[in-house]
>>> print(open('input-v3.cif').read())   # mmCIF, C-alpha atoms
data_start
#
loop_
_atom_site.group_PDB
_atom_site.id
_atom_site.type_symbol
_atom_site.label_atom_id
_atom_site.label_comp_id
_atom_site.auth_asym_id
_atom_site.auth_seq_id
_atom_site.Cartn_x
_atom_site.Cartn_y
_atom_site.Cartn_z
ATOM 1 C CA MET A 489 18.680 13.648 18.743
ATOM 2 C CA LYS A 490 15.767 13.618 21.185
ATOM 3 C CA ARG A 491 12.781 11.510 20.197
ATOM 4 C CA LEU A 492 9.309 13.044 20.413
ATOM 5 C CA PHE A 493 5.801 11.627 20.512
ATOM 6 C CA GLU A 494 3.151 13.884 18.958
ATOM 7 C CA VAL A 495 -0.313 13.042 20.261
ATOM 8 C CA CYS A 496 -3.221 13.212 17.832
ATOM 9 C CA ALA A 497 -5.997 14.669 20.001
ATOM 10 C CA GLY A 498 -9.534 14.647 18.633
ATOM 11 C CA ASN A 499 -11.327 16.266 21.575
ATOM 12 C CA LEU A 500 -10.713 18.260 24.733
ATOM 13 C CA ALA A 501 -10.585 15.143 26.895
ATOM 14 C CA SER A 502 -7.735 13.829 24.741
ATOM 15 C CA VAL A 503 -5.840 17.109 25.003
ATOM 16 C CA GLU A 504 -6.198 17.004 28.780
ATOM 17 C CA ALA A 505 -4.952 13.409 28.862
ATOM 18 C CA ALA A 506 -1.981 14.221 26.635
ATOM 19 C CA ALA A 507 -1.017 17.225 28.751
ATOM 20 C CA GLN A 508 -1.434 15.255 31.978
ATOM 21 C CA ALA A 509 0.897 12.568 30.623
ATOM 22 C CA GLY A 510 3.615 15.032 29.678
ATOM 23 C CA ALA A 511 3.171 15.307 25.916
ATOM 24 C CA GLU A 512 5.086 18.210 24.408
ATOM 25 C CA ARG A 513 3.025 18.577 21.247
ATOM 26 C CA ILE A 514 -0.400 17.640 19.953
ATOM 27 C CA GLU A 515 -2.089 17.625 16.600
ATOM 28 C CA LEU A 516 -5.543 19.041 17.333
ATOM 29 C CA CYS A 517 -8.383 17.767 15.180
ATOM 30 C CA SER A 518 -11.997 16.616 15.401
ATOM 31 C CA ALA A 519 -13.800 13.496 14.155
ATOM 32 C CA LEU A 520 -10.959 11.057 14.736
ATOM 33 C CA PRO A 521 -13.018 8.097 13.402
ATOM 34 C CA LEU A 522 -12.961 9.915 10.033
ATOM 35 C CA ASP A 523 -9.145 10.158 10.263
ATOM 36 C CA GLY A 524 -9.442 13.712 11.564
ATOM 37 C CA LEU A 525 -11.172 16.892 10.430
ATOM 38 C CA THR A 526 -10.649 20.584 11.214
ATOM 39 C CA PRO A 527 -11.459 21.373 14.863
ATOM 40 C CA SER A 528 -13.603 24.344 15.769
ATOM 41 C CA LEU A 529 -11.927 27.666 16.476
ATOM 42 C CA ASP A 530 -13.615 27.665 19.906
ATOM 43 C CA THR A 531 -11.964 24.336 20.708
ATOM 44 C CA LEU A 532 -8.547 25.621 19.685
ATOM 45 C CA GLN A 533 -8.985 28.766 21.758
ATOM 46 C CA GLN A 534 -10.026 26.704 24.786
ATOM 47 C CA VAL A 535 -7.006 24.417 24.380
ATOM 48 C CA ARG A 536 -4.669 27.385 24.161
ATOM 49 C CA LYS A 537 -6.234 28.985 27.240
ATOM 50 C CA GLN A 538 -6.286 25.799 29.301
ATOM 51 C CA PHE A 539 -2.925 24.357 28.202
ATOM 52 C CA PRO A 540 -0.661 27.286 27.326
ATOM 53 C CA ASP A 541 2.574 25.297 27.499
ATOM 54 C CA ILE A 542 1.774 22.517 25.030
ATOM 55 C CA LYS A 543 2.584 22.978 21.348
ATOM 56 C CA VAL A 544 -0.588 22.816 19.253
ATOM 57 C CA HIS A 545 -0.487 21.952 15.556
ATOM 58 C CA VAL A 546 -3.935 22.259 13.990
ATOM 59 C CA LEU A 547 -5.310 19.962 11.304
ATOM 60 C CA ILE A 548 -7.033 21.689 8.385
ATOM 61 C CA ARG A 549 -9.215 19.135 6.589
ATOM 62 C CA PRO A 550 -12.765 20.219 5.761
ATOM 63 C CA ARG A 551 -14.259 16.778 5.044
ATOM 64 C CA ASN A 552 -13.448 13.110 4.909
ATOM 65 C CA GLY A 553 -12.759 11.287 1.664
ATOM 66 C CA ASN A 554 -10.102 12.212 -0.857
ATOM 67 C CA PHE A 555 -7.694 15.134 -0.766
ATOM 68 C CA VAL A 556 -8.694 16.672 -4.086
ATOM 69 C CA TYR A 557 -10.384 19.935 -3.193
ATOM 70 C CA SER A 558 -12.646 22.267 -5.141
ATOM 71 C CA SER A 559 -11.848 25.959 -5.454
ATOM 72 C CA ASP A 560 -14.536 26.721 -2.863
ATOM 73 C CA GLU A 561 -13.064 24.203 -0.428
ATOM 74 C CA ILE A 562 -9.594 25.638 -0.962
ATOM 75 C CA ASP A 563 -10.892 29.126 -0.190
ATOM 76 C CA VAL A 564 -12.466 27.849 3.037
ATOM 77 C CA MET A 565 -9.272 26.020 4.066
ATOM 78 C CA GLU A 566 -7.161 29.092 3.447
ATOM 79 C CA ARG A 567 -9.491 31.202 5.590
ATOM 80 C CA GLU A 568 -9.437 28.548 8.326
ATOM 81 C CA ILE A 569 -5.636 28.600 8.432
ATOM 82 C CA ILE A 570 -5.674 32.379 8.780
ATOM 83 C CA ALA A 571 -8.353 32.231 11.493
ATOM 84 C CA MET A 572 -6.552 29.540 13.502
ATOM 85 C CA LEU A 573 -3.085 31.020 13.202
ATOM 86 C CA PRO A 574 -3.111 33.365 16.252
ATOM 87 C CA TRP A 575 -3.716 30.356 18.562
ATOM 88 C CA ALA A 576 -1.791 27.657 16.671
ATOM 89 C CA ASP A 577 1.892 26.757 16.815
ATOM 90 C CA GLY A 578 1.720 24.993 13.467
ATOM 91 C CA ILE A 579 -0.563 23.870 10.653
ATOM 92 C CA VAL A 580 -1.198 20.336 9.356
ATOM 93 C CA CYS A 581 -2.671 20.064 5.871
ATOM 94 C CA GLY A 582 -2.317 18.458 2.454
ATOM 95 C CA ALA A 583 -3.877 18.653 -0.997
ATOM 96 C CA LEU A 584 -3.542 16.470 -4.083
ATOM 97 C CA THR A 585 -4.393 16.677 -7.767
ATOM 98 C CA ALA A 586 -6.808 14.274 -9.427
ATOM 99 C CA ASP A 587 -3.731 12.385 -10.670
ATOM 100 C CA ALA A 588 -2.633 11.719 -7.062
ATOM 101 C CA ASP A 589 0.262 14.172 -7.149
ATOM 102 C CA VAL A 590 0.932 17.000 -4.693
ATOM 103 C CA ASP A 591 -1.231 20.004 -5.626
ATOM 104 C CA ILE A 592 1.606 22.502 -5.636
ATOM 105 C CA PRO A 593 -0.322 25.752 -6.337
ATOM 106 C CA THR A 594 -2.859 24.960 -3.616
ATOM 107 C CA MET A 595 -0.153 24.012 -1.141
ATOM 108 C CA GLN A 596 1.686 27.248 -1.894
ATOM 109 C CA ARG A 597 -1.464 29.151 -0.931
ATOM 110 C CA PHE A 598 -1.815 27.227 2.324
ATOM 111 C CA ILE A 599 1.842 27.650 3.262
ATOM 112 C CA ARG A 600 1.704 31.395 2.551
ATOM 113 C CA ALA A 601 -1.395 31.624 4.743
ATOM 114 C CA ALA A 602 0.520 29.900 7.563
ATOM 115 C CA GLN A 603 2.983 32.812 7.632
ATOM 116 C CA SER A 604 6.162 30.813 8.332
ATOM 117 C CA LYS A 605 4.701 28.786 11.180
ATOM 118 C CA PRO A 606 5.697 25.097 11.084
ATOM 119 C CA PHE A 607 3.777 23.238 8.390
ATOM 120 C CA THR A 608 3.179 19.480 8.295
ATOM 121 C CA PHE A 609 2.101 17.751 5.094
ATOM 122 C CA HIS A 610 -0.198 15.020 6.355
ATOM 123 C CA ARG A 611 -1.112 11.508 5.277
ATOM 124 C CA ALA A 612 -2.500 12.614 1.941
ATOM 125 C CA PHE A 613 1.053 11.626 1.061
ATOM 126 C CA ASP A 614 0.090 8.000 1.588
ATOM 127 C CA VAL A 615 -2.086 7.969 -1.533
ATOM 128 C CA CYS A 616 0.392 9.821 -3.766
ATOM 129 C CA ARG A 617 1.185 7.786 -6.900
ATOM 130 C CA ASN A 618 4.923 8.522 -6.748
ATOM 131 C CA PRO A 619 6.096 8.902 -3.139
ATOM 132 C CA LEU A 620 9.684 9.822 -3.934
ATOM 133 C CA MET A 621 8.650 12.582 -6.335
ATOM 134 C CA ALA A 622 6.087 13.752 -3.775
ATOM 135 C CA LEU A 623 8.795 13.929 -1.098
ATOM 136 C CA ASP A 624 10.898 16.176 -3.332
ATOM 137 C CA GLN A 625 7.893 18.404 -4.016
ATOM 138 C CA ILE A 626 6.971 18.659 -0.341
ATOM 139 C CA ILE A 627 10.541 19.583 0.551
ATOM 140 C CA GLY A 628 10.547 22.139 -2.278
ATOM 141 C CA LEU A 629 7.390 23.718 -0.891
ATOM 142 C CA GLY A 630 9.182 24.362 2.387
ATOM 143 C CA CYS A 631 7.145 22.037 4.597
ATOM 144 C CA ASP A 632 8.753 21.284 7.951
ATOM 145 C CA ARG A 633 7.320 17.794 8.452
ATOM 146 C CA LEU A 634 5.864 14.882 6.564
ATOM 147 C CA LEU A 635 3.381 12.684 8.448
ATOM 148 C CA THR A 636 3.154 9.280 6.776
ATOM 149 C CA SER A 637 2.593 5.586 7.369
ATOM 150 C CA GLY A 638 4.948 4.755 4.522
ATOM 151 C CA GLN A 639 1.946 4.231 2.212
ATOM 152 C CA GLN A 640 0.844 1.193 4.224
ATOM 153 C CA PRO A 641 -2.111 0.710 6.594
ATOM 154 C CA THR A 642 0.237 1.175 9.564
ATOM 155 C CA ALA A 643 3.634 2.729 10.082
ATOM 156 C CA GLU A 644 4.973 -0.600 11.310
ATOM 157 C CA GLN A 645 4.072 -2.136 7.950
ATOM 158 C CA GLY A 646 5.550 0.871 6.138
ATOM 159 C CA VAL A 647 9.004 0.874 7.740
ATOM 160 C CA ASP A 648 10.830 0.113 4.470
ATOM 161 C CA LEU A 649 9.516 3.193 2.673
ATOM 162 C CA LEU A 650 9.768 5.276 5.842
ATOM 163 C CA ARG A 651 13.449 4.386 6.138
ATOM 164 C CA GLN A 652 13.984 5.322 2.480
ATOM 165 C CA LEU A 653 12.170 8.628 2.926
ATOM 166 C CA GLN A 654 14.239 9.435 6.000
ATOM 167 C CA GLU A 655 17.458 8.738 4.096
ATOM 168 C CA LEU A 656 16.400 10.809 1.088
ATOM 169 C CA ALA A 657 15.172 13.673 3.271
ATOM 170 C CA ALA A 658 18.754 14.084 4.532
ATOM 171 C CA GLY A 659 17.713 16.563 7.205
ATOM 172 C CA GLN A 660 15.706 18.752 4.815
ATOM 173 C CA ILE A 661 12.391 17.758 6.394
ATOM 174 C CA ILE A 662 11.271 15.799 9.464
ATOM 175 C CA VAL A 663 9.744 12.467 8.465
ATOM 176 C CA MET A 664 7.230 11.539 11.175
ATOM 177 C CA PRO A 665 5.766 8.011 11.107
ATOM 178 C CA GLY A 666 2.103 7.712 12.050
ATOM 179 C CA GLY A 667 -0.595 5.067 11.827
ATOM 180 C CA GLY A 668 -1.166 2.226 14.271
ATOM 181 C CA VAL A 669 1.451 3.542 16.686
ATOM 182 C CA ASN A 670 1.328 2.200 20.231
ATOM 183 C CA SER A 671 3.577 1.511 23.198
ATOM 184 C CA ASN A 672 4.512 -1.907 21.820
ATOM 185 C CA ASN A 673 5.853 -0.677 18.480
ATOM 186 C CA ALA A 674 6.786 3.010 18.737
ATOM 187 C CA ARG A 675 10.428 2.426 19.619
ATOM 188 C CA HIS A 676 10.750 -0.357 17.032
ATOM 189 C CA ILE A 677 9.390 1.932 14.285
ATOM 190 C CA LEU A 678 11.867 4.692 15.131
ATOM 191 C CA ASP A 679 14.747 2.247 15.474
ATOM 192 C CA MET A 680 13.951 0.716 12.080
ATOM 193 C CA THR A 681 13.429 3.989 10.219
ATOM 194 C CA LYS A 682 15.978 6.230 11.988
ATOM 195 C CA CYS A 683 13.239 8.856 12.375
ATOM 196 C CA HIS A 684 13.090 10.973 15.540
ATOM 197 C CA GLU A 685 9.411 11.904 15.833
ATOM 198 C CA ILE A 686 6.330 9.683 15.861
ATOM 199 C CA HIS A 687 2.584 10.349 15.863
ATOM 200 C CA GLY A 688 -0.434 8.571 17.320
ATOM 201 C CA SER A 689 -3.650 9.003 19.279
ATOM 202 C CA ALA A 690 -2.772 6.643 22.169
ATOM 203 C CA SER A 691 -6.512 6.007 22.448
ATOM 204 C CA MET A 692 -6.345 2.180 22.503
ATOM 205 C CA GLY A 693 -9.605 2.011 20.552
ATOM 206 C CA THR A 694 -11.561 4.195 22.967
ATOM 207 C CA GLY A 695 -11.622 7.389 20.898
ATOM 208 C CA ILE A 696 -10.025 9.297 23.780
ATOM 209 C CA THR A 697 -6.284 9.532 24.434
ATOM 210 C CA GLN A 698 -5.257 7.390 27.407
ATOM 211 C CA PRO A 699 -2.682 9.132 29.640
ATOM 212 C CA ASP A 700 -1.062 5.868 30.729
ATOM 213 C CA GLU A 701 -0.514 4.862 27.101
ATOM 214 C CA VAL A 702 1.031 8.264 26.345
ATOM 215 C CA ARG A 703 3.383 7.779 29.289
ATOM 216 C CA ARG A 704 4.317 4.299 28.096
ATOM 217 C CA ILE A 705 5.065 5.526 24.567
ATOM 218 C CA ILE A 706 7.150 8.451 25.824
ATOM 219 C CA ALA A 707 9.048 6.149 28.198
ATOM 220 C CA SER A 708 9.697 3.634 25.406
ATOM 221 C CA LEU A 709 11.413 6.318 23.331
ATOM 222 C CA GLU A 710 13.917 7.302 26.006
#
>>> encode(input="input-v3.cif", output="structure tokens")
Amino acid sequence: MKRLFEVCAGNLASVEAAAQAGAERIELCSALPLDGLTPSLDTLQQVRKQFPDIKVHVLIRPRNGNFVYSSDEIDVMEREIIAMLPWADGIVCGALTADADVDIPTMQRFIRAAQSKPFTFHRAFDVCRNPLMALDQIIGLGCDRLLTSGQQPTAEQGVDLLRQLQELAAGQIIVMPGGGVNSNNARHILDMTKCHEIHGSASMGTGITQPDEVRRIIASLE
């Protein structure tokens, strides 16, 4: 199966760099130093206009901090999904209960709002109290992907859980490692976990995706 590098792009300059380097898909967000927040609709529309051939999955996260959302925040997130949908190829989102479990009713609302477009449950998973139960719940919700570092600071440190998740997923969901991914470890992470997709900003600490680093990561996966 072909391996794919999804570029986490936090600004237009990063999208341009990713596209220039041959990336097939980006996760579009804002405020990367806060681990990503919802981008503006104007930004998404500009990306779609300027780069029509790249797949754009949009992060929906209204604030930094935890993933336990109030009813007002949930309403806003649902409306944002609906607003972004005409220009997005997929949605990236996640919500938890105060007990650090998957918030199933809220996720059902978000997935319905996404209208069958690909849906990624993001790294909220990495603070779930029971990752194996959470995996089953996320699969049951119908999510297409799970973005996770294996509940460790980096995906390289989380390879043991990532490998277990990939085995348990058994083709029901794409497990996509993310966190601390670079050209020196991307292939190793996929080799160790048997996953086929991987996620990172390729910014090398600059805050802007570096096209040469994207090229190196893509080349390392071939």
>>> resolve_selection(input="input-v3.cif", expression="the PyMOL selection byres ((chain A and resi 650) around 9)", output="compact mmCIF listing (two decimals) with C-alpha atoms, keeping the file's coordinate frame")
# COMPACT_ATOMS: atom_id res chain seq x y z
CA THR A 636 3.15 9.28 6.78
CA SER A 637 2.59 5.59 7.37
CA GLY A 638 4.95 4.76 4.52
CA GLN A 639 1.95 4.23 2.21
CA ALA A 643 3.63 2.73 10.08
CA GLY A 646 5.55 0.87 6.14
CA VAL A 647 9.00 0.87 7.74
CA ASP A 648 10.83 0.11 4.47
CA LEU A 649 9.52 3.19 2.67
CA ARG A 651 13.45 4.39 6.14
CA GLN A 652 13.98 5.32 2.48
CA LEU A 653 12.17 8.63 2.93
CA GLN A 654 14.24 9.44 6.00
CA GLU A 655 17.46 8.74 4.10
CA VAL A 663 9.74 12.47 8.46
CA MET A 664 7.23 11.54 11.18
CA PRO A 665 5.77 8.01 11.11
CA MET A 680 13.95 0.72 12.08
CA THR A 681 13.43 3.99 10.22
CA LYS A 682 15.98 6.23 11.99
CA CYS A 683 13.24 8.86 12.38
>>> residues_around(input="input-v3.cif", residues="His610 of chain A", least_positions_apart="6", cutoff="7 Å", atoms="all atoms listed in the file", output="list in words")
Val580, Cys581, Gly582, Leu634, Leu635 and Thr636 of chain A
>>> axis_aligned_box(input="input-v3.cif", around="segment 511-520 of chain A", padding_each_side="5 Å", output="JSON")
{"center_x": -4.4, "center_y": 15.0, "center_z": 20.0, "size_x": 28.9, "size_y": 18.0, "size_z": 21.8}
>>> closest_residue(input="input-v3.cif", among="A:Leu656, A:Ile627, A:Ile696, A:Ile592", to="Leu500 of chain A", atoms="all atoms listed in the file")
A:Ile696
>>> atom_distance(input="input-v3.cif", atom1="atom CA of Pro540 of chain A", atom2="atom CA of Ala601 of chain A")
23.0 Å
>>> resolve_selection(input="input-v3.cif", expression="the PyMOL selection byres ((chain A and resi 536) around 12)", output="VMD selection string")
chain A and resid 500 503 to 504 507 514 516 529 to 535 537 to 546 572 to 577
>>> closest_residue(input="input-v3.cif", among="A:Gln508, A:Gln596, A:Thr526, A:Ser708", to="Gly628 of chain A", atoms="all atoms listed in the file")
A:Gln596
>>> resolve_selection(input="input-v3.cif", expression="the PyMOL selection byres ((chain A and resi 600) around 12)", output="PyMOL selection string")
chain A and resi 566-567+569-570+573+579+593-599+601-607+629-631
>>> write_last_selection(input="input-v3.cif", atoms="C-alpha atoms", output="compact mmCIF listing (two decimals), in the coordinates of the input")
# COMPACT_ATOMS: atom_id res chain seq x y z
CA GLU A 566 -7.16 29.09 3.45
CA ARG A 567 -9.49 31.20 5.59
CA ILE A 569 -5.64 28.60 8.43
CA ILE A 570 -5.67 32.38 8.78
CA LEU A 573 -3.08 31.02 13.20
CA ILE A 579 -0.56 23.87 10.65
CA PRO A 593 -0.32 25.75 -6.34
CA THR A 594 -2.86 24.96 -3.62
CA MET A 595 -0.15 24.01 -1.14
CA GLN A 596 1.69 27.25 -1.89
CA ARG A 597 -1.46 29.15 -0.93
CA PHE A 598 -1.82 27.23 2.32
CA ILE A 599 1.84 27.65 3.26
CA ALA A 601 -1.40 31.62 4.74
CA ALA A 602 0.52 29.90 7.56
CA GLN A 603 2.98 32.81 7.63
CA SER A 604 6.16 30.81 8.33
CA LYS A 605 4.70 28.79 11.18
CA PRO A 606 5.70 25.10 11.08
CA PHE A 607 3.78 23.24 8.39
CA LEU A 629 7.39 23.72 -0.89
CA GLY A 630 9.18 24.36 2.39
CA CYS A 631 7.14 22.04 4.60
>>> atom_distance(input="input-v3.cif", atom1="atom CA of Ala506 of chain A", atom2="atom CA of Gly668 of chain A")
17.2 Å
>>> atom_distance(input="input-v3.cif", atom1="atom CA of Arg633 of chain A", atom2="atom CA of Thr694 of chain A")
27.4 Å
>>> closest_residue(input="input-v3.cif", among="A:Phe493, A:Asp700, A:Cys517, A:Ala588", to="Gly666 of chain A", atoms="all atoms listed in the file")
A:Phe493
>>> residues_around(input="input-v3.cif", residues="Leu492 of chain A", least_positions_apart="5", cutoff="8 Å", atoms="only C-alpha atoms", output="PyMOL selection string")
chain A and resi 512+684-686+706+709
>>> residues_around(input="input-v3.cif", residues="Gly524 of chain A", least_positions_apart="4", cutoff="8 Å", atoms="all atoms listed in the file", output="list in words")
Gly498, Cys517, Ser518, Ala519, Leu520, Leu547, Arg549 and Asn552 of chain A
>>> closest_residue(input="input-v3.cif", among="A:Asp589, A:Met692, A:Asp523, A:Glu644", to="Arg611 of chain A", atoms="only C-alpha atoms")
A:Asp523
>>> closest_residue(input="input-v3.cif", among="A:Gly693, A:Gly578, A:Pro550, A:Pro699", to="Ile562 of chain A", atoms="only C-alpha atoms")
A:Pro550
>>> closest_residue(input="input-v3.cif", among="A:Met565, A:Leu678, A:Ala583, A:Ala511", to="Ile626 of chain A", atoms="all atoms listed in the file")
A:Ala583
>>> build_atoms(input="input-v3.cif", residues="segment 669-684 of chain A", atoms="N, CA and C atoms", output="PDB file, keeping the file's coordinate frame")
ATOM      1  N   VAL A 669       0.342   3.419  15.728  1.00  0.00           N
ATOM      2  CA  VAL A 669       1.451   3.542  16.686  1.00  0.00           C
ATOM      3  C   VAL A 669       0.944   3.271  18.104  1.00  0.00           C
ATOM      4  N   ASN A 670       1.683   2.470  18.838  1.00  0.00           N
ATOM      5  CA  ASN A 670       1.328   2.200  20.231  1.00  0.00           C
ATOM      6  C   ASN A 670       2.602   1.949  21.038  1.00  0.00           C
ATOM      7  N   SER A 671       2.416   1.662  22.321  1.00  0.00           N
ATOM      8  CA  SER A 671       3.577   1.511  23.198  1.00  0.00           C
ATOM      9  C   SER A 671       4.378   0.254  22.897  1.00  0.00           C
ATOM     10  N   ASN A 672       3.794  -0.680  22.159  1.00  0.00           N
ATOM     11  CA  ASN A 672       4.512  -1.907  21.820  1.00  0.00           C
ATOM     12  C   ASN A 672       5.388  -1.772  20.584  1.00  0.00           C
ATOM     13  N   ASN A 673       5.103  -0.763  19.745  1.00  0.00           N
ATOM     14  CA  ASN A 673       5.853  -0.677  18.480  1.00  0.00           C
ATOM     15  C   ASN A 673       6.528   0.659  18.214  1.00  0.00           C
ATOM     16  N   ALA A 674       6.270   1.669  19.034  1.00  0.00           N
ATOM     17  CA  ALA A 674       6.786   3.010  18.737  1.00  0.00           C
ATOM     18  C   ALA A 674       8.311   3.019  18.653  1.00  0.00           C
ATOM     19  N   ARG A 675       8.963   2.439  19.634  1.00  0.00           N
ATOM     20  CA  ARG A 675      10.428   2.426  19.619  1.00  0.00           C
ATOM     21  C   ARG A 675      10.956   1.625  18.429  1.00  0.00           C
ATOM     22  N   HIS A 676      10.323   0.490  18.159  1.00  0.00           N
ATOM     23  CA  HIS A 676      10.750  -0.357  17.032  1.00  0.00           C
ATOM     24  C   HIS A 676      10.664   0.418  15.724  1.00  0.00           C
ATOM     25  N   ILE A 677       9.565   1.163  15.526  1.00  0.00           N
ATOM     26  CA  ILE A 677       9.390   1.932  14.285  1.00  0.00           C
ATOM     27  C   ILE A 677      10.507   2.963  14.139  1.00  0.00           C
ATOM     28  N   LEU A 678      10.809   3.680  15.214  1.00  0.00           N
ATOM     29  CA  LEU A 678      11.867   4.692  15.131  1.00  0.00           C
ATOM     30  C   LEU A 678      13.239   4.046  14.964  1.00  0.00           C
ATOM     31  N   ASP A 679      13.465   2.940  15.642  1.00  0.00           N
ATOM     32  CA  ASP A 679      14.747   2.247  15.474  1.00  0.00           C
ATOM     33  C   ASP A 679      14.926   1.777  14.027  1.00  0.00           C
ATOM     34  N   MET A 680      13.871   1.264  13.429  1.00  0.00           N
ATOM     35  CA  MET A 680      13.951   0.716  12.080  1.00  0.00           C
ATOM     36  C   MET A 680      14.078   1.796  11.015  1.00  0.00           C
ATOM     37  N   THR A 681      13.478   2.940  11.255  1.00  0.00           N
ATOM     38  CA  THR A 681      13.429   3.989  10.219  1.00  0.00           C
ATOM     39  C   THR A 681      14.473   5.077  10.412  1.00  0.00           C
ATOM     40  N   LYS A 682      15.043   5.163  11.621  1.00  0.00           N
ATOM     41  CA  LYS A 682      15.978   6.230  11.988  1.00  0.00           C
ATOM     42  C   LYS A 682      15.300   7.599  12.066  1.00  0.00           C
ATOM     43  N   CYS A 683      13.971   7.598  12.159  1.00  0.00           N
ATOM     44  CA  CYS A 683      13.239   8.856  12.375  1.00  0.00           C
ATOM     45  C   CYS A 683      13.320   9.237  13.853  1.00  0.00           C
ATOM     46  N   HIS A 684      12.959  10.475  14.168  1.00  0.00           N
ATOM     47  CA  HIS A 684      13.090  10.973  15.540  1.00  0.00           C
ATOM     48  C   HIS A 684      11.760  11.445  16.139  1.00  0.00           C
TER      49      HIS A 684
END
